[in-house]
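Novice: Following this line is upload30.txt, made up of compact mmCIF, C-alpha atoms (C1' of nucleotides):
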```
# COMPACT_ATOMS: atom_id res chain seq x y z
CA MET A 1 98.17 128.26 37.78
CA ARG A 2 100.74 125.53 37.62
CA LYS A 3 100.22 121.91 36.84
CA THR A 4 100.30 120.27 40.20
CA GLN A 5 99.92 116.60 39.61
CA SER A 6 101.94 115.73 36.53
CA PRO A 7 103.90 112.62 37.44
CA ARG A 8 106.81 113.36 35.20
CA ARG A 9 107.29 117.10 35.38
CA ARG A 10 106.99 119.90 37.87
CA SER A 11 106.33 117.51 40.68
CA ALA A 12 108.43 117.81 43.80
CA PRO A 13 112.00 116.57 43.28
CA LEU A 14 111.60 113.37 45.29
CA ILE A 15 115.17 112.49 44.45
CA GLU A 16 116.76 110.52 47.23
CA LEU A 17 120.31 111.01 48.39
CA GLY A 18 120.75 107.35 49.16
CA ASP A 19 123.69 106.62 51.42
CA LEU A 20 124.91 110.11 50.77
CA ASP A 21 123.26 111.58 53.83
CA GLU A 22 125.45 109.37 55.97
CA ARG A 23 128.59 110.72 54.37
CA LEU A 24 130.18 113.58 56.22
CA GLY A 25 132.35 114.46 53.24
CA TYR A 26 129.34 115.22 51.09
CA PHE A 27 127.99 117.79 53.52
CA VAL A 28 131.42 119.23 54.13
CA ARG A 29 131.73 119.86 50.42
CA ARG A 30 128.32 121.52 50.20
CA LEU A 31 129.07 123.70 53.19
CA ARG A 32 132.48 124.64 51.89
CA VAL A 33 131.09 125.66 48.52
CA TRP A 34 128.54 128.03 49.87
CA VAL A 35 130.71 129.44 52.63
CA PHE A 36 133.36 130.28 50.07
CA GLN A 37 130.83 131.72 47.66
CA ASP A 38 129.51 134.03 50.32
CA PHE A 39 132.99 135.04 51.39
CA ILE A 40 134.09 135.82 47.85
CA GLN A 41 130.99 137.90 47.14
CA ARG A 42 131.29 139.87 50.33
CA LEU A 43 134.97 140.59 49.83
CA ALA A 44 134.62 141.37 46.14
CA ALA A 45 135.02 145.06 46.95
CA VAL A 46 138.58 144.49 48.19
CA ASP A 47 139.20 141.58 45.80
CA ILE A 48 140.57 139.27 48.46
CA SER A 49 140.00 135.52 48.22
CA PRO A 50 139.67 133.25 51.26
CA ALA A 51 143.20 131.97 50.69
CA GLN A 52 144.61 135.47 50.33
CA PHE A 53 142.79 136.58 53.43
CA SER A 54 144.23 133.76 55.49
CA VAL A 55 147.71 134.64 54.27
CA LEU A 56 147.31 138.29 55.18
CA VAL A 57 145.87 137.49 58.58
CA VAL A 58 148.66 135.14 59.58
CA ILE A 59 151.40 137.43 58.32
CA GLY A 60 149.76 140.26 60.20
CA ALA A 61 149.72 138.20 63.38
CA ASN A 62 153.28 136.91 62.91
CA PRO A 63 155.35 139.48 61.06
CA GLY A 64 158.72 138.18 59.95
CA LEU A 65 157.74 134.55 59.66
CA SER A 66 159.02 132.43 56.80
CA GLN A 67 157.13 130.99 53.87
CA SER A 68 157.60 127.45 55.11
CA GLN A 69 156.18 128.33 58.47
CA LEU A 70 153.27 130.12 56.90
CA ALA A 71 152.51 127.29 54.51
CA ALA A 72 152.66 124.77 57.34
CA THR A 73 150.39 126.90 59.48
CA LEU A 74 147.78 127.24 56.77
CA GLY A 75 148.08 123.65 55.62
CA ILE A 76 148.96 124.55 52.05
CA GLU A 77 151.91 123.65 49.85
CA ARG A 78 154.95 125.86 49.74
CA ALA A 79 154.54 125.95 45.98
CA ARG A 80 151.02 127.29 46.27
CA LEU A 81 152.04 129.91 48.80
CA VAL A 82 154.72 131.21 46.46
CA ARG A 83 152.01 132.01 43.91
CA LEU A 84 149.71 133.56 46.46
CA LEU A 85 152.53 135.80 47.65
CA HIS A 86 153.46 136.68 44.11
CA ARG A 87 149.99 138.09 43.63
CA LEU A 88 149.79 139.89 46.92
CA GLU A 89 153.24 141.34 46.42
CA SER A 90 152.41 142.52 42.91
CA ARG A 91 149.48 144.36 44.45
CA GLY A 92 151.81 145.87 46.98
CA LEU A 93 150.19 144.25 50.01
CA THR A 94 153.05 142.08 51.25
CA GLN A 95 156.80 142.06 51.02
CA ARG A 96 159.59 139.53 51.39
CA LEU A 97 162.50 140.89 53.36
CA PRO A 98 165.78 139.03 53.61
CA SER A 99 166.02 137.05 56.82
CA SER A 100 168.79 138.30 59.02
CA ALA A 101 170.15 134.94 60.09
CA ASP A 102 169.18 132.54 57.33
CA GLY A 103 169.99 133.30 53.74
CA ARG A 104 167.33 130.94 52.50
CA ARG A 105 164.42 132.41 54.33
CA HIS A 106 162.29 135.42 53.64
CA ALA A 107 160.83 137.45 56.45
CA LEU A 108 157.25 138.16 55.44
CA GLN A 109 155.60 141.44 56.25
CA LEU A 110 152.55 143.45 55.39
CA THR A 111 153.07 146.78 53.68
CA GLY A 112 151.20 149.88 54.74
CA ASP A 113 148.70 149.18 52.00
CA GLY A 114 148.53 145.59 53.15
CA ASP A 115 147.54 146.75 56.60
CA LYS A 116 144.82 148.97 55.23
CA VAL A 117 143.40 146.35 52.89
CA LEU A 118 143.53 143.75 55.63
CA ALA A 119 141.57 146.05 57.90
CA GLN A 120 138.87 146.48 55.27
CA ALA A 121 138.89 142.77 54.53
CA ARG A 122 138.55 142.01 58.21
CA ALA A 123 135.44 144.15 58.46
CA LEU A 124 133.86 142.43 55.48
CA ALA A 125 134.93 139.02 56.75
CA ALA A 126 133.22 139.81 60.02
CA GLU A 127 130.01 140.50 58.13
CA HIS A 128 130.45 137.24 56.31
CA GLU A 129 130.92 135.44 59.57
CA ALA A 130 127.81 137.10 60.98
CA ALA A 131 125.87 135.99 57.92
CA LEU A 132 127.08 132.45 58.47
CA ARG A 133 126.06 132.52 62.10
CA LYS A 134 122.65 133.83 61.16
CA ARG A 135 122.14 131.31 58.42
CA LEU A 136 123.21 128.31 60.45
CA GLY A 137 121.65 129.53 63.63
CA PRO A 138 123.77 130.73 66.55
CA GLY A 139 123.74 127.37 68.31
CA PRO A 140 124.80 125.15 65.42
CA TYR A 141 127.30 127.76 64.34
CA ARG A 142 129.00 127.74 67.71
CA ARG A 143 129.02 123.97 67.95
CA LEU A 144 130.39 123.70 64.45
CA LEU A 145 133.19 126.15 65.08
CA GLU A 146 134.21 124.59 68.35
CA THR A 147 134.08 121.07 66.99
CA LEU A 148 136.20 121.98 63.99
CA ARG A 149 138.73 123.85 66.09
CA GLY A 150 139.65 120.64 67.84
CA LEU A 151 141.62 118.93 65.11
CA MET B 1 171.31 117.06 71.96
CA ARG B 2 169.25 119.68 70.26
CA LYS B 3 169.51 123.37 70.64
CA THR B 4 166.63 124.20 72.88
CA GLN B 5 166.66 127.93 73.24
CA SER B 6 167.53 129.27 69.85
CA PRO B 7 165.04 132.04 69.24
CA ARG B 8 165.10 131.67 65.52
CA ARG B 9 165.21 127.96 64.73
CA ARG B 10 163.93 124.63 66.03
CA SER B 11 161.86 126.27 68.66
CA ALA B 12 158.19 125.33 68.81
CA PRO B 13 156.24 126.85 65.92
CA LEU B 14 154.48 129.45 68.07
CA ILE B 15 152.82 130.80 64.94
CA GLU B 16 149.50 132.34 65.75
CA LEU B 17 146.44 131.97 63.60
CA GLY B 18 145.23 135.43 64.43
CA ASP B 19 141.57 135.99 63.68
CA LEU B 20 141.65 132.83 61.64
CA ASP B 21 140.44 130.67 64.47
CA GLU B 22 137.21 132.60 64.48
CA ARG B 23 136.63 131.91 60.82
CA LEU B 24 134.48 128.91 60.16
CA GLY B 25 135.49 128.81 56.51
CA TYR B 26 139.11 128.20 57.41
CA PHE B 27 138.31 125.10 59.41
CA VAL B 28 135.83 123.89 56.85
CA ARG B 29 138.56 124.02 54.26
CA ARG B 30 141.03 122.13 56.45
CA LEU B 31 138.45 119.49 57.24
CA ARG B 32 137.43 119.15 53.63
CA VAL B 33 141.01 118.68 52.49
CA TRP B 34 141.78 115.86 54.82
CA VAL B 35 138.41 114.15 54.50
CA PHE B 36 138.82 114.08 50.75
CA GLN B 37 142.41 112.91 50.99
CA ASP B 38 141.37 110.00 53.17
CA PHE B 39 138.47 109.16 50.90
CA ILE B 40 140.60 109.17 47.77
CA GLN B 41 143.26 107.00 49.35
CA ARG B 42 140.81 104.46 50.64
CA LEU B 43 138.97 104.21 47.36
CA ALA B 44 142.11 104.14 45.26
CA ALA B 45 141.58 100.41 44.71
CA VAL B 46 138.35 101.08 42.81
CA ASP B 47 139.55 104.45 41.46
CA ILE B 48 136.42 106.32 42.45
CA SER B 49 136.60 109.96 43.46
CA PRO B 50 134.26 111.57 45.98
CA ALA B 51 132.36 113.26 43.16
CA GLN B 52 132.08 110.04 41.16
CA PHE B 53 130.93 108.18 44.22
CA SER B 54 128.14 110.67 44.89
CA VAL B 55 127.01 110.37 41.28
CA LEU B 56 126.90 106.58 41.42
CA VAL B 57 125.08 106.54 44.75
CA VAL B 58 122.33 108.92 43.64
CA ILE B 59 121.84 107.19 40.31
CA GLY B 60 121.67 103.90 42.14
CA ALA B 61 119.04 105.28 44.49
CA ASN B 62 117.06 106.98 41.72
CA PRO B 63 117.44 105.02 38.49
CA GLY B 64 116.08 106.81 35.46
CA LEU B 65 116.57 110.34 36.75
CA SER B 66 117.79 113.08 34.46
CA GLN B 67 121.10 114.89 34.46
CA SER B 68 119.49 118.14 35.50
CA GLN B 69 117.85 116.49 38.45
CA LEU B 70 121.07 114.77 39.42
CA ALA B 71 123.12 117.94 39.12
CA ALA B 72 120.60 119.87 41.21
CA THR B 73 120.54 117.14 43.84
CA LEU B 74 124.31 117.10 44.16
CA GLY B 75 124.67 120.85 43.96
CA ILE B 76 126.99 120.79 40.96
CA GLU B 77 126.76 122.38 37.53
CA ARG B 78 125.15 120.53 34.67
CA ALA B 79 128.32 121.13 32.70
CA ARG B 80 130.41 119.47 35.34
CA LEU B 81 128.09 116.50 35.56
CA VAL B 82 128.38 115.94 31.83
CA ARG B 83 132.10 115.39 32.24
CA LEU B 84 131.70 113.16 35.25
CA LEU B 85 129.25 110.99 33.35
CA HIS B 86 131.50 110.92 30.33
CA ARG B 87 134.18 109.32 32.45
CA LEU B 88 131.92 106.90 34.22
CA GLU B 89 130.29 105.90 30.96
CA SER B 90 133.64 105.35 29.28
CA ARG B 91 134.47 102.98 32.13
CA GLY B 92 131.18 101.22 31.54
CA LEU B 93 129.70 102.07 34.93
CA THR B 94 126.75 104.21 33.90
CA GLN B 95 124.59 104.63 30.82
CA ARG B 96 122.33 107.29 29.39
CA LEU B 97 119.12 105.83 28.02
CA PRO B 98 116.70 107.91 25.98
CA SER B 99 113.89 109.20 28.13
CA SER B 100 110.54 107.82 27.04
CA ALA B 101 108.55 111.01 27.31
CA ASP B 102 111.08 113.80 26.86
CA GLY B 103 113.42 113.85 23.93
CA ARG B 104 115.83 116.15 25.70
CA ARG B 105 116.34 114.08 28.79
CA HIS B 106 118.51 111.10 29.42
CA ALA B 107 117.41 108.42 31.85
CA LEU B 108 120.49 107.60 33.90
CA GLN B 109 121.21 104.08 35.02
CA LEU B 110 123.98 101.99 36.47
CA THR B 111 125.29 99.14 34.40
CA GLY B 112 125.93 95.73 35.89
CA ASP B 113 129.55 96.71 36.32
CA GLY B 114 128.41 99.96 37.84
CA ASP B 115 126.47 98.06 40.44
CA LYS B 116 129.45 95.92 41.32
CA VAL B 117 131.88 98.79 41.52
CA LEU B 118 129.43 100.81 43.58
CA ALA B 119 129.10 97.93 46.01
CA GLN B 120 132.87 97.78 46.44
CA ALA B 121 133.08 101.55 46.71
CA ARG B 122 130.36 101.55 49.33
CA ALA B 123 132.29 99.11 51.47
CA LEU B 124 135.44 101.22 51.25
CA ALA B 125 133.47 104.41 51.84
CA ALA B 126 132.06 102.83 54.99
CA GLU B 127 135.60 102.22 56.21
CA HIS B 128 136.44 105.79 55.40
CA GLU B 129 133.44 106.97 57.36
CA ALA B 130 134.43 104.78 60.29
CA ALA B 131 137.92 106.26 60.18
CA LEU B 132 136.41 109.73 60.27
CA ARG B 133 134.24 108.87 63.21
CA LYS B 134 137.20 107.45 65.04
CA ARG B 135 139.43 110.39 64.28
CA LEU B 136 136.90 113.03 65.24
CA GLY B 137 135.53 111.07 68.13
CA PRO B 138 132.04 109.54 68.01
CA GLY B 139 130.39 112.48 69.73
CA PRO B 140 131.76 115.31 67.62
CA TYR B 141 131.29 113.20 64.50
CA ARG B 142 127.61 112.74 65.19
CA ARG B 143 127.06 116.35 66.07
CA LEU B 144 128.89 117.44 62.95
CA LEU B 145 126.89 115.18 60.68
CA GLU B 146 123.56 116.18 62.17
CA THR B 147 124.38 119.87 62.12
CA LEU B 148 125.47 119.76 58.50
CA ARG B 149 122.44 117.76 57.43
CA GLY B 150 120.23 120.66 58.40
CA LEU B 151 120.94 123.07 55.58
C1' DA C 1 187.12 121.37 57.54
C1' DT C 2 184.86 118.79 54.27
C1' DG C 3 181.49 115.99 52.31
C1' DA C 4 176.71 114.29 52.93
C1' DT C 5 172.01 115.74 54.16
C1' DA C 6 168.29 118.78 54.88
C1' DT C 7 165.72 122.99 54.36
C1' DT C 8 163.90 126.93 51.73
C1' DG C 9 162.01 129.19 48.01
C1' DT C 10 160.94 128.59 43.28
C1' DT C 11 159.22 126.89 38.80
C1' DG C 12 156.79 123.65 35.86
C1' DA C 13 153.35 120.51 35.03
C1' DC C 14 149.05 117.83 35.81
C1' DG C 15 144.38 116.88 37.25
C1' DT C 16 140.17 118.36 39.68
C1' DG C 17 136.54 121.61 40.74
C1' DG C 18 133.50 125.47 40.25
C1' DA C 19 131.63 129.37 37.27
C1' DC C 20 130.08 131.27 32.88
C1' DA C 21 128.70 131.73 28.27
C1' DA C 22 126.91 129.95 24.27
C1' DC C 23 124.36 126.58 21.49
C1' DA C 24 121.25 123.02 19.27
C1' DA C 25 117.54 120.09 20.07
C1' DA C 26 113.31 119.37 22.27
C1' DT C 27 109.47 120.94 24.96
C1' DT C 28 106.25 124.06 27.05
C1' DT C 29 103.71 128.32 27.05
C1' DC C 30 100.72 131.66 25.20
C1' DG D 1 102.63 128.72 15.21
C1' DA D 2 105.93 132.02 17.63
C1' DA D 3 108.27 132.88 21.86
C1' DA D 4 110.24 131.31 25.91
C1' DT D 5 112.21 127.54 28.59
C1' DT D 6 114.59 123.28 29.54
C1' DT D 7 118.18 119.91 28.69
C1' DG D 8 122.45 118.25 27.49
C1' DT D 9 126.70 119.73 25.63
C1' DT D 10 131.13 122.14 24.62
C1' DG D 11 134.50 125.63 25.47
C1' DT D 12 136.95 128.66 28.43
C1' DC D 13 138.74 130.55 32.59
C1' DC D 14 140.59 130.53 37.10
C1' DA D 15 141.41 128.56 41.83
C1' DC D 16 143.35 124.73 44.26
C1' DG D 17 145.99 120.60 45.58
C1' DT D 18 149.91 117.55 44.27
C1' DC D 19 154.17 116.21 42.73
C1' DA D 20 158.82 116.56 40.84
C1' DA D 21 162.87 118.96 40.21
C1' DC D 22 166.33 122.54 41.23
C1' DA D 23 169.62 126.13 43.09
C1' DA D 24 170.96 128.35 47.08
C1' DT D 25 171.83 128.01 51.76
C1' DA D 26 172.35 125.87 56.15
C1' DT D 27 173.18 121.91 59.24
C1' DC D 28 175.25 117.49 60.49
C1' DA D 29 178.74 113.78 60.85
C1' DT D 30 183.14 112.42 61.35
```
Could the structure of this file be written out as structure tokens, please?
Specialist:
Amino acid sequence: MRKTQSPRRRSAPLIELGDLDERLGYFVRRLRVWVFQDFIQRLAAVDISPAQFSVLVVIGANPGLSQSQLAATLGIERARLVRLLHRLESRGLTQRLPSSADGRRHALQLTGDGDKVLAQARALAAEHEAALRKRLGPGPYRRLLETLRGL
Amino acid sequence: MRKTQSPRRRSAPLIELGDLDERLGYFVRRLRVWVFQDFIQRLAAVDISPAQFSVLVVIGANPGLSQSQLAATLGIERARLVRLLHRLESRGLTQRLPSSADGRRHALQLTGDGDKVLAQARALAAEHEAALRKRLGPGPYRRLLETLRGL
DNA sequence: ATGATATTGTTGACGTGGACAACAAATTTC
DNA sequence: GAAATTTGTTGTCCACGTCAACAATATCAT
């Protein structure tokens, strides 16, 4: 049996958040941390991070697009995308073809392997999403998603 | 006059997100990035980061609490908190007093300066929050906050 | 056409954040 | 009193966002 009434140890946390529970940013951070954790764990089998997944998905949906376009779409820096692509390309999942009309641009594409891995990742990501929906509750999940989409 | 029909340049982005707009994590990341950016900019005058702010607020609301308790409350690693406190302490905003009953623990407190800076930070954070509410719209903002609080 | 400007991809560097592992000191447990 | 646990700490690693600079290429102005 545990001590139940010690005032200094083992008592319930009773730590207050103060103004923190009026700060959206705080909760957004907490949510982001655990969503990403779950995603990473579930996609460990294919070794695809959230960022890599988003890159693969958008390339898959828009083959031939440029790195600038992709970076702008994802809201990341061109510099960061270069490194993401370096990794994916070294794993043989994506490729940079020369753009026909613009010597500066690269036309991004998935390789055959990229397609396969993306398909596996998609399945796992769907499980992740289902887990999220279950954990948050279907209602809040829907509201959340729809609210966030409108930005 | 601009070229309006060139299929390869200057046309509207028309980049599709693919499955991405069914992924909550993607939107959470986007939201988190811009919320934090706004926060950092608005609190640049007092040079307080989101993480530092949350530390100050919780210490202020629970003077004397330990680092383990604080870390658990904020959902960060003890190791990370050590470094946050190191900074804040070197700026003279917080202090670690010896805990009366437990030689391992530190009783965390704000200094006088800490109180003042926190007050300023709070005011700026309130402006930040107001900006968020305005940007998201009062309705979605409220829904978001209430949904996220229930975790 | 030619010179100025802008875009694209790239590299380097910096600071923050989260995750782990290990450790000494102190405390609790048995 | 020995074993296990907690607490604060340090070190390390990697992901991420940011910024500056640069060469190559393309566009714009006149």
Novice: Near chain B, meaning an atom within 9 Å, which residues of chain D appear when counting only C-alpha atoms (C1' of nucleotides)? Write them as a list in words.
Specialist: DT6, DT7, DG8, DT9, DT10 and DG17 of chain D
Novice: Just C-alpha atoms (C1' of nucleotides) for this one: save the residues we selected as a PDB file, keeping the file's coordinate frame.
Specialist:
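Heads up, here's the output in result17.pdb:
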```
ATOM      1  C1'  DT D   6     114.590 123.280  29.540  1.00  0.00           C
ATOM      2  C1'  DT D   7     118.180 119.910  28.690  1.00  0.00           C
ATOM      3  C1'  DG D   8     122.450 118.250  27.490  1.00  0.00           C
ATOM      4  C1'  DT D   9     126.700 119.730  25.630  1.00  0.00           C
ATOM      5  C1'  DT D  10     131.130 122.140  24.620  1.00  0.00           C
ATOM      6  C1'  DG D  17     145.990 120.600  45.580  1.00  0.00           C
TER       7       DG D  17
END
```
Novice: Select residues of chain C: the criterion is any atom within 10 Å of an atom of chain A, counting all atoms listed in the file; output as a PyMOL selection string.
Specialist: chain C and resi 7-11+18
Novice: Identify every residue of chain B that has at least one atom within 6 Å of any atom of chain A, counting only C-alpha atoms, and report the result as a list in words.
Specialist: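 Going by the stated atoms only, the list reads Leu17, Gly18, Leu24, Phe27, Val58, Ala61, Leu145 and Leu148 of chain B.
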Novice: Which value, in Å to one decimal, gives the distance between atom CA of His86 of chain B and atom C1' of DG15 of chain C?
Specialist: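 Taking atom CA of His86 of chain B and atom C1' of DG15 of chain C, their separation equals 15.8 Å.
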Novice: Hand me chain B as it sits after a least-squares fit onto chain A over every Cα, paired in order, written as a short mmCIF file (atom, residue, chain, number, x, y, z; two decimals) with C-alpha atoms, keeping the file's coordinate frame.
Specialist:
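For reference, result-v4.cif as written:
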```
data_model
loop_
_atom_site.label_atom_id
_atom_site.label_comp_id
_atom_site.auth_asym_id
_atom_site.auth_seq_id
_atom_site.Cartn_x
_atom_site.Cartn_y
_atom_site.Cartn_z
CA MET B 1 96.84 126.82 37.14
CA ARG B 2 99.67 124.38 37.19
CA LYS B 3 99.54 120.74 36.47
CA THR B 4 99.67 119.19 39.87
CA GLN B 5 99.70 115.49 39.31
CA SER B 6 101.90 114.93 36.33
CA PRO B 7 104.17 112.08 37.33
CA ARG B 8 106.98 113.17 35.12
CA ARG B 9 107.21 116.95 35.31
CA ARG B 10 106.71 119.81 37.75
CA SER B 11 106.11 117.49 40.60
CA ALA B 12 108.21 117.99 43.72
CA PRO B 13 111.80 116.87 43.18
CA LEU B 14 111.46 113.73 45.31
CA ILE B 15 115.04 112.84 44.44
CA GLU B 16 116.62 110.84 47.18
CA LEU B 17 120.17 111.29 48.33
CA GLY B 18 120.59 107.63 49.06
CA ASP B 19 123.51 106.85 51.33
CA LEU B 20 124.77 110.33 50.68
CA ASP B 21 123.14 111.77 53.75
CA GLU B 22 125.32 109.54 55.87
CA ARG B 23 128.46 110.86 54.25
CA LEU B 24 130.06 113.69 56.12
CA GLY B 25 132.25 114.60 53.17
CA TYR B 26 129.23 115.40 51.03
CA PHE B 27 127.92 117.96 53.48
CA VAL B 28 131.35 119.37 54.10
CA ARG B 29 131.66 120.03 50.41
CA ARG B 30 128.25 121.71 50.20
CA LEU B 31 129.02 123.86 53.20
CA ARG B 32 132.43 124.79 51.89
CA VAL B 33 131.03 125.84 48.53
CA TRP B 34 128.50 128.22 49.91
CA VAL B 35 130.71 129.60 52.66
CA PHE B 36 133.36 130.43 50.11
CA GLN B 37 130.82 131.90 47.71
CA ASP B 38 129.53 134.21 50.41
CA PHE B 39 133.03 135.17 51.46
CA ILE B 40 134.13 135.99 47.93
CA GLN B 41 131.05 138.08 47.26
CA ARG B 42 131.36 140.05 50.44
CA LEU B 43 135.04 140.73 49.94
CA ALA B 44 134.69 141.54 46.27
CA ALA B 45 135.13 145.23 47.10
CA VAL B 46 138.68 144.60 48.32
CA ASP B 47 139.27 141.70 45.90
CA ILE B 48 140.62 139.36 48.54
CA SER B 49 140.04 135.63 48.27
CA PRO B 50 139.69 133.33 51.27
CA ALA B 51 143.21 132.02 50.70
CA GLN B 52 144.66 135.52 50.36
CA PHE B 53 142.85 136.63 53.47
CA SER B 54 144.29 133.78 55.53
CA VAL B 55 147.77 134.65 54.29
CA LEU B 56 147.40 138.31 55.22
CA VAL B 57 145.95 137.51 58.64
CA VAL B 58 148.74 135.12 59.62
CA ILE B 59 151.48 137.40 58.34
CA GLY B 60 149.88 140.23 60.24
CA ALA B 61 149.83 138.16 63.41
CA ASN B 62 153.36 136.83 62.93
CA PRO B 63 155.46 139.41 61.09
CA GLY B 64 158.81 138.10 59.96
CA LEU B 65 157.81 134.46 59.64
CA SER B 66 159.06 132.36 56.77
CA GLN B 67 157.14 130.94 53.84
CA SER B 68 157.63 127.40 55.06
CA GLN B 69 156.22 128.27 58.43
CA LEU B 70 153.31 130.09 56.87
CA ALA B 71 152.53 127.27 54.47
CA ALA B 72 152.65 124.72 57.28
CA THR B 73 150.42 126.87 59.46
CA LEU B 74 147.81 127.24 56.75
CA GLY B 75 148.06 123.66 55.59
CA ILE B 76 148.93 124.54 52.01
CA GLU B 77 151.87 123.63 49.80
CA ARG B 78 154.93 125.82 49.70
CA ALA B 79 154.53 125.95 45.94
CA ARG B 80 151.03 127.27 46.25
CA LEU B 81 152.06 129.89 48.78
CA VAL B 82 154.72 131.18 46.42
CA ARG B 83 152.02 132.03 43.90
CA LEU B 84 149.75 133.58 46.47
CA LEU B 85 152.57 135.81 47.66
CA HIS B 86 153.49 136.70 44.12
CA ARG B 87 150.03 138.13 43.65
CA LEU B 88 149.87 139.91 46.95
CA GLU B 89 153.33 141.35 46.45
CA SER B 90 152.49 142.56 42.96
CA ARG B 91 149.55 144.41 44.51
CA GLY B 92 151.92 145.89 47.06
CA LEU B 93 150.29 144.25 50.07
CA THR B 94 153.12 142.06 51.30
CA GLN B 95 156.89 142.02 51.03
CA ARG B 96 159.65 139.46 51.38
CA LEU B 97 162.59 140.81 53.33
CA PRO B 98 165.87 138.93 53.55
CA SER B 99 166.07 136.96 56.76
CA SER B 100 168.89 138.17 58.97
CA ALA B 101 170.20 134.79 60.03
CA ASP B 102 169.21 132.42 57.24
CA GLY B 103 170.02 133.18 53.66
CA ARG B 104 167.34 130.85 52.39
CA ARG B 105 164.45 132.33 54.28
CA HIS B 106 162.34 135.34 53.58
CA ALA B 107 160.92 137.37 56.43
CA LEU B 108 157.33 138.09 55.45
CA GLN B 109 155.70 141.39 56.28
CA LEU B 110 152.67 143.44 55.43
CA THR B 111 153.21 146.75 53.75
CA GLY B 112 151.35 149.86 54.84
CA ASP B 113 148.84 149.20 52.10
CA GLY B 114 148.66 145.61 53.24
CA ASP B 115 147.69 146.76 56.69
CA LYS B 116 144.96 148.99 55.35
CA VAL B 117 143.53 146.41 53.01
CA LEU B 118 143.64 143.78 55.73
CA ALA B 119 141.72 146.09 58.03
CA GLN B 120 139.01 146.55 55.41
CA ALA B 121 139.00 142.84 54.64
CA ARG B 122 138.67 142.05 58.32
CA ALA B 123 135.59 144.22 58.61
CA LEU B 124 133.97 142.53 55.62
CA ALA B 125 135.02 139.10 56.85
CA ALA B 126 133.33 139.88 60.15
CA GLU B 127 130.11 140.61 58.27
CA HIS B 128 130.52 137.37 56.42
CA GLU B 129 130.98 135.53 59.68
CA ALA B 130 127.90 137.20 61.12
CA ALA B 131 125.93 136.15 58.05
CA LEU B 132 127.11 132.58 58.57
CA ARG B 133 126.11 132.63 62.19
CA LYS B 134 122.72 133.97 61.29
CA ARG B 135 122.17 131.48 58.52
CA LEU B 136 123.23 128.46 60.52
CA GLY B 137 121.68 129.67 63.71
CA PRO B 138 123.83 130.82 66.64
CA GLY B 139 123.78 127.44 68.36
CA PRO B 140 124.80 125.23 65.46
CA TYR B 141 127.33 127.85 64.37
CA ARG B 142 129.06 127.78 67.73
CA ARG B 143 129.04 124.03 67.95
CA LEU B 144 130.40 123.76 64.44
CA LEU B 145 133.22 126.19 65.08
CA GLU B 146 134.23 124.58 68.34
CA THR B 147 134.08 121.08 66.94
CA LEU B 148 136.19 122.00 63.94
CA ARG B 149 138.75 123.84 66.04
CA GLY B 150 139.63 120.59 67.75
CA LEU B 151 141.58 118.86 65.01
#
```
Novice: Please, what distance in Å, to one decimal, runs between atom CA of Gly92 of chain B and atom CA of Val46 of chain B?
Specialist: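 Answer for the atom CA of Gly92 of chain B to atom CA of Val46 of chain B separation: 13.4 Å.
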Novice: Quote the spacing between atom CA of Lys134 of chain B and atom C1' of DC19 of chain D in Å to one decimal place.
Specialist: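 Pair atom CA of Lys134 of chain B / atom C1' of DC19 of chain D returns 29.4 Å.
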Novice: Fewer than 4 positions away in the same chain doesn't count, so skip those; otherwise give me all residues within 10 Å of Ile48 of chain A, counting only C-alpha atoms (C1' of nucleotides), as a list in words.
Specialist: Phe39, Ile40, Gln41, Arg42, Leu43, Ala44, Gln52, Phe53, Ser54, Leu56, Leu88, Val117, Leu118 and Ala121 of chain A
Novice: Mind writing the picked residues with C-alpha atoms as a compact mmCIF listing (two decimals), in the coordinates of the input?
Specialist:
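Below you can see again11.txt, which holds the result:
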```txt
# COMPACT_ATOMS: atom_id res chain seq x y z
CA PHE A 39 132.99 135.04 51.39
CA ILE A 40 134.09 135.82 47.85
CA GLN A 41 130.99 137.90 47.14
CA ARG A 42 131.29 139.87 50.33
CA LEU A 43 134.97 140.59 49.83
CA ALA A 44 134.62 141.37 46.14
CA GLN A 52 144.61 135.47 50.33
CA PHE A 53 142.79 136.58 53.43
CA SER A 54 144.23 133.76 55.49
CA LEU A 56 147.31 138.29 55.18
CA LEU A 88 149.79 139.89 46.92
CA VAL A 117 143.40 146.35 52.89
CA LEU A 118 143.53 143.75 55.63
CA ALA A 121 138.89 142.77 54.53
```
Novice: Write out as JSON, numbers by chain the residues lying within 9 Å of DG17 of chain C, counting only C-alpha atoms (C1' of nucleotides) and excluding same-chain residues fewer than 6 positions away.
Specialist: {"B": [80], "D": [15, 16]}
Novice: Mind checking which residues fall within 12 Å of DA13 of chain C, counting all atoms listed in the file, ignoring those fewer than 6 positions away in the same chain, and posting them as a PyMOL selection string?
Specialist: chain D and resi 18-21
Novice: Skip segment 28-30 of chain C itself and residues of its chain fewer than 2 positions away, then list as number ranges by chain all residues within 10 Å of it, counting only C-alpha atoms (C1' of nucleotides).
Specialist: C: 26; D: 2-6
Novice: Write the residues of the preceding selection, restricted to C-alpha atoms (C1' of nucleotides), as an mmCIF file, keeping the file's coordinate frame.
Specialist:
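The resulting file, part24.cif, is reproduced below:
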```
data_model
loop_
_atom_site.group_PDB
_atom_site.id
_atom_site.type_symbol
_atom_site.label_atom_id
_atom_site.label_comp_id
_atom_site.auth_asym_id
_atom_site.auth_seq_id
_atom_site.Cartn_x
_atom_site.Cartn_y
_atom_site.Cartn_z
ATOM 1 C "C1'" DA C 26 113.310 119.370 22.270
ATOM 2 C "C1'" DA D 2 105.930 132.020 17.630
ATOM 3 C "C1'" DA D 3 108.270 132.880 21.860
ATOM 4 C "C1'" DA D 4 110.240 131.310 25.910
ATOM 5 C "C1'" DT D 5 112.210 127.540 28.590
ATOM 6 C "C1'" DT D 6 114.590 123.280 29.540
#
```
